file query_16.txt (compact mmCIF, C-alpha atoms)
# COMPACT_ATOMS: atom_id res chain seq x y z
CA MET A 1 12.26 2.31 8.06
CA THR A 2 13.73 3.40 4.72
CA PRO A 3 15.67 6.69 5.11
CA VAL A 4 14.38 9.71 3.21
CA ILE A 5 16.90 11.46 0.96
CA PRO A 6 16.25 15.24 1.17
CA ASP A 7 15.69 16.81 -2.24
CA ILE A 8 18.21 19.65 -1.86
CA ILE A 9 17.99 20.52 -5.55
CA SER A 10 14.26 21.18 -5.30
CA LEU A 11 14.80 23.17 -2.06
CA LEU A 12 17.34 25.43 -3.76
CA LYS A 13 15.06 26.04 -6.73
CA GLU A 14 12.03 26.82 -4.57
CA GLN A 15 13.86 29.31 -2.32
CA ARG A 16 15.55 31.29 -5.10
CA LEU A 17 12.95 34.10 -5.10
CA SER A 18 13.41 34.84 -1.39
CA MET A 19 17.23 34.74 -1.32
CA SER A 20 19.70 37.56 -0.93
CA LYS A 21 21.85 38.46 -3.94
CA ALA A 22 24.86 36.60 -2.48
CA ASP A 23 22.84 33.48 -1.71
CA LEU A 24 21.27 33.65 -5.14
CA ARG A 25 24.71 33.69 -6.79
CA LEU A 26 25.71 30.67 -4.75
CA THR A 27 22.51 28.83 -5.63
CA ASP A 28 22.77 29.49 -9.35
CA LEU A 29 26.40 28.37 -9.49
CA ILE A 30 25.68 25.21 -7.47
CA LEU A 31 22.75 24.26 -9.72
CA GLU A 32 24.79 25.05 -12.83
CA ASP A 33 27.62 22.68 -11.84
CA ILE A 34 26.60 20.32 -9.03
CA ASP A 35 29.65 18.11 -9.50
CA ARG A 36 31.99 21.02 -8.89
CA ALA A 37 29.99 22.19 -5.86
CA VAL A 38 30.08 18.73 -4.29
CA HIS A 39 33.88 18.71 -4.37
CA ALA A 40 34.50 22.38 -3.52
CA SER A 41 35.77 23.65 -0.16
CA THR A 42 34.26 26.63 1.64
CA THR A 43 37.03 28.87 0.29
CA GLU A 44 36.64 27.55 -3.26
CA LEU A 45 32.87 28.10 -3.19
CA ALA A 46 33.36 31.64 -1.91
CA GLU A 47 35.89 32.49 -4.62
CA TRP A 48 33.81 30.82 -7.32
CA SER A 49 30.68 32.80 -6.39
CA GLY A 50 32.42 36.07 -5.53
CA THR A 51 31.20 35.93 -1.93
CA SER A 52 32.99 35.16 1.35
CA THR A 53 33.53 32.09 3.49
CA PRO A 54 31.15 33.38 6.23
CA THR A 55 28.49 33.85 3.52
CA VAL A 56 28.90 30.23 2.42
CA THR A 57 28.62 29.03 6.02
CA ARG A 58 25.48 31.15 6.66
CA PHE A 59 24.02 29.93 3.36
CA CYS A 60 24.26 26.32 4.52
CA ARG A 61 22.75 27.10 7.92
CA LYS A 62 19.81 28.96 6.35
CA LEU A 63 19.04 25.77 4.45
CA GLY A 64 19.04 23.78 7.69
CA PHE A 65 22.55 22.29 7.61
CA SER A 66 25.12 22.58 10.37
CA SER A 67 28.04 22.77 7.96
CA LEU A 68 29.08 22.83 4.31
CA ARG A 69 30.13 19.20 4.62
CA GLU A 70 26.61 18.13 5.66
CA PHE A 71 25.13 20.19 2.81
CA LYS A 72 27.47 18.59 0.26
CA VAL A 73 26.64 15.07 1.46
CA GLN A 74 22.95 15.68 0.88
CA LEU A 75 23.65 17.46 -2.42
CA ALA A 76 25.67 14.44 -3.62
CA GLN A 77 22.85 12.07 -2.68
CA ALA A 78 20.26 14.21 -4.47
CA ARG A 79 22.50 14.34 -7.53
CA ALA A 80 22.80 10.55 -7.57
CA VAL A 81 19.02 10.11 -7.67
CA GLY A 82 17.83 10.65 -11.23
CA ALA A 83 20.95 12.52 -12.31
CA ARG A 84 19.98 12.28 -15.97
CA PHE A 85 16.97 14.51 -15.30
CA LEU A 86 19.15 17.44 -14.28
CA ASN A 87 20.48 18.32 -17.71
CA GLY A 88 17.22 18.60 -19.59
CA GLN A 89 15.73 16.59 -22.41
CA VAL A 90 17.98 15.21 -25.12
CA ALA A 91 16.57 16.16 -28.52
CA ALA A 92 14.65 13.26 -29.97
CA GLY A 93 14.16 14.57 -33.49
CA SER A 94 11.07 15.67 -35.38
CA HIS A 95 7.50 14.92 -34.28
CA SER A 96 7.31 11.99 -36.68
CA GLU A 97 10.63 10.63 -35.36
CA ILE A 98 9.39 10.91 -31.77
CA ALA A 99 6.25 8.98 -32.68
CA GLU A 100 8.35 6.31 -34.38
CA GLN A 101 10.68 6.04 -31.36
CA ILE A 102 7.79 5.52 -28.97
CA ILE A 103 6.08 2.93 -31.15
CA ARG A 104 9.32 1.10 -31.94
CA ARG A 105 10.18 0.94 -28.22
CA ALA A 106 6.73 -0.49 -27.51
CA GLN A 107 7.31 -3.12 -30.20
CA GLN A 108 10.73 -3.94 -28.79
CA ALA A 109 9.28 -4.26 -25.29
CA LEU A 110 6.65 -6.71 -26.53
CA GLU A 111 9.24 -8.77 -28.41
CA HIS A 112 11.45 -8.81 -25.31
CA GLN A 113 8.50 -9.84 -23.16
CA LEU A 114 7.66 -12.71 -25.49
CA GLY A 115 11.11 -14.12 -24.79
CA LEU A 116 10.55 -13.84 -21.01
CA LEU A 117 7.25 -15.72 -20.92
CA ASN A 118 7.55 -19.12 -19.30
CA ASP A 119 4.80 -21.41 -20.58
CA ASP A 120 4.80 -23.57 -17.45
CA CYS A 121 4.31 -20.49 -15.23
CA VAL A 122 1.56 -19.21 -17.52
CA GLN A 123 -0.30 -22.53 -17.46
CA ARG A 124 0.03 -22.87 -13.69
CA SER A 125 -1.30 -19.32 -13.30
CA VAL A 126 -4.22 -20.07 -15.60
CA ALA A 127 -5.07 -23.18 -13.56
CA LEU A 128 -5.04 -21.18 -10.31
CA LEU A 129 -7.17 -18.38 -11.73
CA GLN A 130 -9.61 -20.78 -13.37
CA GLN A 131 -10.35 -22.49 -10.06
CA ALA A 132 -10.18 -19.36 -7.89
CA LYS A 133 -13.18 -18.54 -5.76
CA ARG A 134 -12.08 -14.92 -5.75
CA ILE A 135 -9.34 -12.98 -7.55
CA VAL A 136 -7.82 -9.68 -6.43
CA ALA A 137 -5.35 -7.70 -8.53
CA PHE A 138 -3.03 -5.41 -6.59
CA GLY A 139 -0.99 -2.68 -8.27
CA SER A 140 0.31 0.64 -7.03
CA GLY A 141 1.97 3.46 -8.91
CA GLY A 142 1.65 4.25 -12.60
CA GLY A 143 1.74 1.27 -14.95
CA SER A 144 1.03 -1.29 -12.21
CA THR A 145 -2.21 0.42 -11.21
CA ILE A 146 -3.34 0.53 -14.83
CA ALA A 147 -2.42 -3.14 -15.26
CA ALA A 148 -4.40 -4.18 -12.16
CA GLN A 149 -7.44 -2.32 -13.44
CA ASP A 150 -6.99 -3.90 -16.85
CA MET A 151 -6.88 -7.36 -15.26
CA GLN A 152 -10.24 -6.65 -13.64
CA ASN A 153 -11.58 -5.42 -16.98
CA ARG A 154 -10.33 -8.48 -18.86
CA LEU A 155 -11.38 -11.16 -16.37
CA PHE A 156 -14.81 -10.03 -15.21
CA ARG A 157 -16.16 -10.55 -18.73
CA LEU A 158 -15.13 -14.20 -18.48
CA GLY A 159 -17.42 -14.60 -15.48
CA LEU A 160 -14.64 -14.54 -12.85
CA MET A 161 -14.99 -12.77 -9.50
CA VAL A 162 -12.20 -10.18 -9.69
CA ASN A 163 -11.49 -6.75 -8.20
CA ALA A 164 -8.53 -4.37 -8.52
CA TYR A 165 -7.04 -2.32 -5.67
CA GLN A 166 -4.19 0.18 -5.43
CA ASP A 167 -4.35 2.09 -2.13
CA GLY A 168 -1.58 0.91 0.21
CA GLN A 169 -3.75 0.44 3.28
CA MET A 170 -6.55 -1.13 1.24
CA LEU A 171 -4.09 -3.77 0.01
CA GLN A 172 -3.51 -4.88 3.60
CA MET A 173 -7.22 -4.85 4.44
CA VAL A 174 -8.31 -6.79 1.38
CA ALA A 175 -5.48 -9.30 1.79
CA ALA A 176 -6.76 -10.01 5.30
CA THR A 177 -10.15 -11.08 3.86
CA LEU A 178 -8.69 -13.69 1.53
CA LYS A 179 -8.88 -17.40 2.21
CA LYS A 180 -7.94 -20.77 0.77
CA GLY A 181 -8.99 -20.94 -2.86
CA ASP A 182 -8.51 -17.20 -3.44
CA VAL A 183 -5.75 -15.78 -5.62
CA LEU A 184 -3.89 -12.49 -5.27
CA VAL A 185 -2.22 -11.16 -8.43
CA ALA A 186 0.53 -8.77 -7.33
CA ILE A 187 1.73 -6.44 -10.10
CA SER A 188 4.88 -4.32 -9.83
CA THR A 189 7.47 -3.38 -12.44
CA THR A 190 10.16 -2.99 -9.76
CA GLY A 191 8.97 -5.51 -7.19
CA ARG A 192 10.11 -3.18 -4.41
CA TYR A 193 6.85 -1.82 -3.01
CA THR A 194 6.82 -2.70 0.69
CA ASP A 195 3.03 -2.45 1.13
CA LEU A 196 2.60 -4.97 -1.67
CA HIS A 197 5.10 -7.35 -0.06
CA ASN A 198 3.21 -7.13 3.22
CA ALA A 199 -0.13 -7.74 1.49
CA CYS A 200 1.28 -10.92 -0.05
CA ARG A 201 2.51 -12.09 3.36
CA ILE A 202 -0.94 -11.47 4.82
CA ALA A 203 -2.60 -13.39 1.97
CA HIS A 204 -0.35 -16.37 2.64
CA GLN A 205 -1.28 -16.31 6.32
CA TYR A 206 -4.84 -17.11 5.25
CA ASP A 207 -3.81 -19.76 2.70
CA ALA A 208 -4.48 -17.67 -0.41
CA GLN A 209 -2.03 -18.05 -3.28
CA VAL A 210 -0.02 -15.31 -4.93
CA ILE A 211 0.89 -14.76 -8.57
CA ALA A 212 3.47 -12.01 -9.06
CA ILE A 213 3.87 -10.16 -12.35
CA THR A 214 7.17 -8.44 -11.74
CA ARG A 215 10.89 -8.23 -12.37
CA PRO A 216 12.63 -11.60 -11.85
CA HIS A 217 14.65 -11.90 -8.63
CA SER A 218 13.06 -8.73 -7.20
CA PRO A 219 12.02 -8.70 -3.50
CA LEU A 220 8.38 -9.33 -4.49
CA THR A 221 9.25 -12.73 -5.97
CA GLU A 222 10.11 -13.96 -2.46
CA HIS A 223 6.41 -13.67 -1.57
CA ALA A 224 4.95 -15.33 -4.68
CA ASP A 225 3.89 -18.88 -5.48
CA ILE A 226 4.23 -18.23 -9.22
CA VAL A 227 6.26 -15.50 -10.92
CA LEU A 228 5.47 -14.16 -14.39
CA ALA A 229 8.62 -12.25 -15.29
CA VAL A 230 8.45 -8.72 -16.73
CA ASP A 231 11.78 -6.96 -17.10
CA ILE A 232 11.84 -4.03 -19.53
CA PRO A 233 14.83 -1.64 -19.23
CA GLU A 234 13.92 1.97 -18.45
CA GLU A 235 14.57 4.62 -21.09
CA LYS A 236 17.66 6.61 -20.09
CA GLN A 237 18.25 8.86 -23.08
CA PHE A 238 14.83 10.39 -23.71
CA VAL A 239 13.82 11.01 -20.12
CA ASN A 240 10.39 12.52 -20.80
CA GLN A 241 9.16 9.56 -22.84
CA PRO A 242 7.02 6.94 -21.07
CA THR A 243 8.54 3.64 -20.10
CA PRO A 244 7.32 0.81 -22.34
CA SER A 245 7.09 -1.63 -19.41
CA ARG A 246 3.36 -1.05 -19.16
CA TYR A 247 2.92 -2.56 -22.64
CA ALA A 248 4.65 -5.67 -21.35
CA LEU A 249 2.40 -5.79 -18.28
CA LEU A 250 -0.72 -5.51 -20.42
CA ALA A 251 0.60 -8.15 -22.80
CA VAL A 252 1.07 -10.63 -19.94
CA ILE A 253 -2.48 -9.94 -18.74
CA ASP A 254 -3.82 -10.40 -22.28
CA VAL A 255 -2.03 -13.75 -22.49
CA LEU A 256 -3.57 -14.86 -19.18
CA ALA A 257 -7.03 -13.66 -20.21
CA SER A 258 -6.85 -15.38 -23.59
CA GLU A 259 -5.64 -18.66 -22.07
CA LEU A 260 -8.34 -18.43 -19.41
CA SER A 261 -11.01 -17.86 -22.01
CA LEU A 262 -9.98 -21.07 -23.77
CA ALA A 263 -9.76 -23.00 -20.49
CA LEU A 264 -13.18 -21.84 -19.28
CA GLY A 265 -14.78 -22.64 -22.61
CA ALA A 266 -18.51 -22.20 -23.17
CA PRO A 267 -19.35 -20.28 -19.94
CA ALA A 268 -16.78 -17.60 -20.73
CA LEU A 269 -17.94 -17.37 -24.33
CA GLU A 270 -21.52 -16.95 -23.18
CA ASN A 271 -20.57 -14.04 -20.94
CA ILE A 272 -18.77 -12.35 -23.82
CA ARG A 273 -21.78 -12.96 -26.08
CA ARG A 274 -24.09 -11.31 -23.54
CA ILE A 275 -21.82 -8.27 -23.26
CA LYS A 276 -21.61 -7.96 -27.03
CA HIS A 277 -25.37 -8.34 -27.39
CA GLN A 278 -26.02 -5.45 -24.99
CA LEU A 279 -23.37 -3.23 -26.57
CA ILE A 280 -24.83 -3.73 -30.02
CA ALA A 281 -28.36 -3.12 -28.76
CA TYR A 282 -27.63 0.08 -26.83
CA ARG A 283 -24.48 1.51 -28.43
CA ASP A 284 -23.64 0.10 -31.85
CA HIS A 285 -27.09 -0.25 -33.44
CA ASP A 286 -26.49 -3.61 -35.14
CA ASP A 287 -22.86 -2.79 -36.03
CA ASP A 288 -20.99 -5.95 -35.00
CA SER A 289 -17.58 -4.55 -36.00
CA GLN A 290 -17.06 -2.33 -32.95
CA PRO A 291 -14.72 -3.24 -30.03
CA LEU A 292 -15.96 -5.23 -27.06
CA GLY A 293 -16.18 -2.29 -24.67
CA ASP A 294 -14.67 1.19 -25.02

call {"tool": "encode", "arguments": {"input": "query_16.txt", "output": "structure tokens"}}
result
Amino acid sequence: MTPVIPDIISLLKEQRLSMSKADLRLTDLILEDIDRAVHASTTELAEWSGTSTPTVTRFCRKLGFSSLREFKVQLAQARAVGARFLNGQVAAGSHSEIAEQIIRRAQQALEHQLGLLNDDCVQRSVALLQQAKRIVAFGSGGGSTIAAQDMQNRLFRLGLMVNAYQDGQMLQMVAATLKKGDVLVAISTTGRYTDLHNACRIAHQYDAQVIAITRPHSPLTEHADIVLAVDIPEEKQFVNQPTPSRYALLAVIDVLASELSLALGAPALENIRRIKHQLIAYRDHDDDSQPLGD
């Protein structure tokens, strides 16, 4: 089982309102300079905060730690996880500059993804999906969930039997219903989601095949028959801006859907025509310029 790293920083912030004045001074100083606190002795912390060594010891015990050393170990681990989020947002410029940064990063992600696409892997994936009796798209988290849902949205209109799932336990259950001729599309930007790995293993037990859309050489690739690489670096400077990896995921799915549409030919085109016919009749009132589905 993966060990849980206690979020000491959040604990300190949440308990501030109920602390004594001495404990509050200690808390504020620790949060103000975590690096210094991690390396300070009991005496140094006491002098720094204007308290006493017994106060520092009691402070640690109130938080559930047997000693300052144990507290500092957990504090150091919490600091190491997402350290760049501790110092606030770096100014990104005016509103127009922020908009330009986001759009430029999306463009860069798409250009980067174009270079990662392997035509042989794409064509093999298209062949599997074209012949699949049933397709399931698994994604869990933020962008991966959206991508799985988008795969369902893009492929059902081609006449393919496809469903998207994201709940961890549901992934295992659905994987257990797959059989030879079925295809599982596993989507993960990190490739580290254990429930998804297990679902792929289950699918293989029942002779289904697995296409992974994920980071190359990630743990998920060990459970895939075909890997479609997506590897977009996370934004580290502007921490409150969304990661552009989801644009890359959607682009890969669009490529698969477009290639599938060509491979399926007339039947897929007829399904799209039917959808468009109904949209024009009930939504667009003879306006053929509107998108194929909102």

call {"tool": "residues_around", "arguments": {"input": "query_16.txt", "residues": "Ala208 of chain A", "least_positions_apart": "3", "cutoff": "8 Å", "atoms": "only C-alpha atoms", "output": "MDAnalysis selection string"}}
result
chainID A and resid 178:184 203:205

call {"tool": "atom_distance", "arguments": {"input": "query_16.txt", "atom1": "atom CA of Ile213 of chain A", "atom2": "atom CA of Gln108 of chain A"}}
result
18.9 Å

call {"tool": "closest_residue", "arguments": {"input": "query_16.txt", "among": "A:Thr189, A:Ser41, A:Ser261, A:Gln290", "to": "Pro244 of chain A", "atoms": "all atoms listed in the file"}}
result
A:Thr189

call {"tool": "closest_residue", "arguments": {"input": "query_16.txt", "among": "A:Ser10, A:Gln278, A:Gln101, A:Asn198", "to": "Ala78 of chain A", "atoms": "all atoms listed in the file"}}
result
A:Ser10

call {"tool": "atom_distance", "arguments": {"input": "query_16.txt", "atom1": "atom CA of Gln149 of chain A", "atom2": "atom CA of Ala164 of chain A"}}
result
5.4 Å

call {"tool": "residues_around", "arguments": {"input": "query_16.txt", "residues": "segment 215-222 of chain A", "least_positions_apart": "4", "cutoff": "6 Å", "atoms": "only C-alpha atoms", "output": "MDAnalysis selection string"}}
result
chainID A and resid 189:192 197 229:231

call {"tool": "residues_around", "arguments": {"input": "query_16.txt", "residues": "Ser258 of chain A", "least_positions_apart": "5", "cutoff": "12 Å", "atoms": "only C-alpha atoms", "output": "list in words"}}
result
Val122, Gln123, Val126, Gln130, Met151, Arg154, Leu155, Arg157, Leu158, Ala251, Val252, Ile253, Ala263, Leu264, Gly265, Ala268 and Leu269 of chain A

call {"tool": "residues_around", "arguments": {"input": "query_16.txt", "residues": "segment 43-56 of chain A", "least_positions_apart": "4", "cutoff": "8 Å", "atoms": "all atoms listed in the file", "output": "VMD selection string"}}
result
chain A and resid 22 to 23 25 to 26 29 37 60 68

call {"tool": "atom_distance", "arguments": {"input": "query_16.txt", "atom1": "atom CA of Asp195 of chain A", "atom2": "atom CA of Gln209 of chain A"}}
result
17.0 Å

call {"tool": "residues_around", "arguments": {"input": "query_16.txt", "residues": "Leu12 of chain A", "least_positions_apart": "3", "cutoff": "10 Å", "atoms": "only C-alpha atoms", "output": "short mmCIF file (atom, residue, chain, number, x, y, z; two decimals) with C-alpha atoms, keeping the file's coordinate frame"}}
result
data_model
loop_
_atom_site.label_atom_id
_atom_site.label_comp_id
_atom_site.auth_asym_id
_atom_site.auth_seq_id
_atom_site.Cartn_x
_atom_site.Cartn_y
_atom_site.Cartn_z
CA ASP A 7 15.69 16.81 -2.24
CA ILE A 8 18.21 19.65 -1.86
CA ILE A 9 17.99 20.52 -5.55
CA GLN A 15 13.86 29.31 -2.32
CA ARG A 16 15.55 31.29 -5.10
CA LEU A 17 12.95 34.10 -5.10
CA MET A 19 17.23 34.74 -1.32
CA ASP A 23 22.84 33.48 -1.71
CA LEU A 24 21.27 33.65 -5.14
CA LEU A 26 25.71 30.67 -4.75
CA THR A 27 22.51 28.83 -5.63
CA ASP A 28 22.77 29.49 -9.35
CA ILE A 30 25.68 25.21 -7.47
CA LEU A 31 22.75 24.26 -9.72
CA LEU A 63 19.04 25.77 4.45
#

call {"tool": "closest_residue", "arguments": {"input": "query_16.txt", "among": "A:Ala248, A:Leu256, A:Leu114, A:Ile202", "to": "Thr214 of chain A", "atoms": "only C-alpha atoms"}}
result
A:Ala248

call {"tool": "axis_aligned_box", "arguments": {"input": "query_16.txt", "around": "segment 8-21 of chain A", "padding_each_side": "4 Å", "output": "AutoDock Vina command-line options"}}
result
--center_x 16.9 --center_y 29.1 --center_z -3.8 --size_x 17.8 --size_y 26.8 --size_z 13.8

call {"tool": "decode", "arguments": {"input": "query_16.txt", "residues": "segment 132-219 of chain A", "atoms": "C-alpha atoms", "output": "mmCIF file, in the first residue's frame"}}
result
data_model
loop_
_atom_site.group_PDB
_atom_site.id
_atom_site.type_symbol
_atom_site.label_atom_id
_atom_site.label_comp_id
_atom_site.auth_asym_id
_atom_site.auth_seq_id
_atom_site.Cartn_x
_atom_site.Cartn_y
_atom_site.Cartn_z
ATOM 1 C CA ALA A 132 -14.021 -4.058 -31.852
ATOM 2 C CA LYS A 133 -17.248 -5.627 -30.716
ATOM 3 C CA ARG A 134 -17.267 -3.250 -27.771
ATOM 4 C CA ILE A 135 -15.108 -0.282 -26.746
ATOM 5 C CA VAL A 136 -14.702 1.092 -23.222
ATOM 6 C CA ALA A 137 -12.799 4.282 -22.437
ATOM 7 C CA PHE A 138 -11.378 4.507 -18.920
ATOM 8 C CA GLY A 139 -10.132 7.766 -17.431
ATOM 9 C CA SER A 140 -9.950 9.031 -13.878
ATOM 10 C CA GLY A 141 -9.074 12.454 -12.555
ATOM 11 C CA GLY A 142 -9.378 15.758 -14.379
ATOM 12 C CA GLY A 143 -8.264 15.759 -18.004
ATOM 13 C CA SER A 144 -8.364 11.968 -18.350
ATOM 14 C CA THR A 145 -12.021 11.792 -17.334
ATOM 15 C CA ILE A 146 -12.902 14.515 -19.832
ATOM 16 C CA ALA A 147 -10.915 12.716 -22.535
ATOM 17 C CA ALA A 148 -12.695 9.398 -21.880
ATOM 18 C CA GLN A 149 -16.061 11.117 -22.135
ATOM 19 C CA ASP A 150 -14.952 12.848 -25.318
ATOM 20 C CA MET A 151 -13.934 9.504 -26.814
ATOM 21 C CA GLN A 152 -17.445 8.222 -26.175
ATOM 22 C CA ASN A 153 -18.873 11.383 -27.727
ATOM 23 C CA ARG A 154 -16.662 11.132 -30.813
ATOM 24 C CA LEU A 155 -17.034 7.403 -31.490
ATOM 25 C CA PHE A 156 -20.713 6.728 -30.853
ATOM 26 C CA ARG A 157 -21.627 8.951 -33.804
ATOM 27 C CA LEU A 158 -19.582 6.658 -36.041
ATOM 28 C CA GLY A 159 -21.839 3.761 -35.064
ATOM 29 C CA LEU A 160 -19.375 2.141 -32.635
ATOM 30 C CA MET A 161 -20.434 0.583 -29.331
ATOM 31 C CA VAL A 162 -18.532 2.709 -26.803
ATOM 32 C CA ASN A 163 -18.951 3.759 -23.170
ATOM 33 C CA ALA A 164 -16.808 5.877 -20.842
ATOM 34 C CA TYR A 165 -16.170 5.135 -17.156
ATOM 35 C CA GLN A 166 -14.206 6.878 -14.416
ATOM 36 C CA ASP A 167 -15.132 5.475 -10.987
ATOM 37 C CA GLY A 168 -12.289 3.318 -9.645
ATOM 38 C CA GLN A 169 -14.410 0.342 -8.639
ATOM 39 C CA MET A 170 -16.491 0.569 -11.817
ATOM 40 C CA LEU A 171 -13.294 0.247 -13.864
ATOM 41 C CA GLN A 172 -12.635 -3.150 -12.271
ATOM 42 C CA MET A 173 -16.237 -4.294 -12.707
ATOM 43 C CA VAL A 174 -16.520 -3.261 -16.339
ATOM 44 C CA ALA A 175 -13.108 -4.733 -17.168
ATOM 45 C CA ALA A 176 -14.341 -8.070 -15.819
ATOM 46 C CA THR A 177 -17.163 -8.078 -18.409
ATOM 47 C CA LEU A 178 -14.856 -7.674 -21.402
ATOM 48 C CA LYS A 179 -13.994 -10.516 -23.737
ATOM 49 C CA LYS A 180 -12.016 -11.337 -26.855
ATOM 50 C CA GLY A 181 -12.736 -8.774 -29.535
ATOM 51 C CA ASP A 182 -13.339 -5.956 -27.035
ATOM 52 C CA VAL A 183 -10.986 -3.003 -26.629
ATOM 53 C CA LEU A 184 -10.197 -0.993 -23.506
ATOM 54 C CA VAL A 185 -8.799 2.505 -24.070
ATOM 55 C CA ALA A 186 -6.951 3.505 -20.892
ATOM 56 C CA ILE A 187 -6.312 7.251 -20.601
ATOM 57 C CA SER A 188 -3.956 8.785 -18.044
ATOM 58 C CA THR A 189 -1.597 11.746 -18.306
ATOM 59 C CA THR A 190 0.690 10.277 -15.621
ATOM 60 C CA GLY A 191 0.136 6.563 -16.164
ATOM 61 C CA ARG A 192 0.358 5.995 -12.414
ATOM 62 C CA TYR A 193 -3.244 5.302 -11.412
ATOM 63 C CA THR A 194 -3.246 1.884 -9.738
ATOM 64 C CA ASP A 195 -6.956 1.171 -10.296
ATOM 65 C CA LEU A 196 -6.454 1.735 -14.013
ATOM 66 C CA HIS A 197 -3.469 -0.635 -14.070
ATOM 67 C CA ASN A 198 -5.541 -3.309 -12.362
ATOM 68 C CA ALA A 199 -8.441 -2.801 -14.781
ATOM 69 C CA CYS A 200 -6.062 -3.366 -17.704
ATOM 70 C CA ARG A 201 -4.764 -6.565 -16.087
ATOM 71 C CA ILE A 202 -8.325 -7.790 -15.640
ATOM 72 C CA ALA A 203 -9.171 -6.992 -19.271
ATOM 73 C CA HIS A 204 -6.182 -9.033 -20.434
ATOM 74 C CA GLN A 205 -7.326 -11.982 -18.327
ATOM 75 C CA TYR A 206 -10.420 -12.135 -20.531
ATOM 76 C CA ASP A 207 -8.493 -11.642 -23.802
ATOM 77 C CA ALA A 208 -9.547 -8.036 -24.404
ATOM 78 C CA GLN A 209 -6.923 -5.709 -25.828
ATOM 79 C CA VAL A 210 -5.709 -2.460 -24.319
ATOM 80 C CA ILE A 211 -4.774 0.829 -25.954
ATOM 81 C CA ALA A 212 -3.085 3.259 -23.561
ATOM 82 C CA ILE A 213 -3.041 7.005 -24.162
ATOM 83 C CA THR A 214 -0.438 8.044 -21.643
ATOM 84 C CA ARG A 215 3.090 9.175 -20.895
ATOM 85 C CA PRO A 216 5.707 6.938 -22.565
ATOM 86 C CA HIS A 217 7.514 4.538 -20.225
ATOM 87 C CA SER A 218 4.979 5.157 -17.440
ATOM 88 C CA PRO A 219 3.746 2.163 -15.374
#
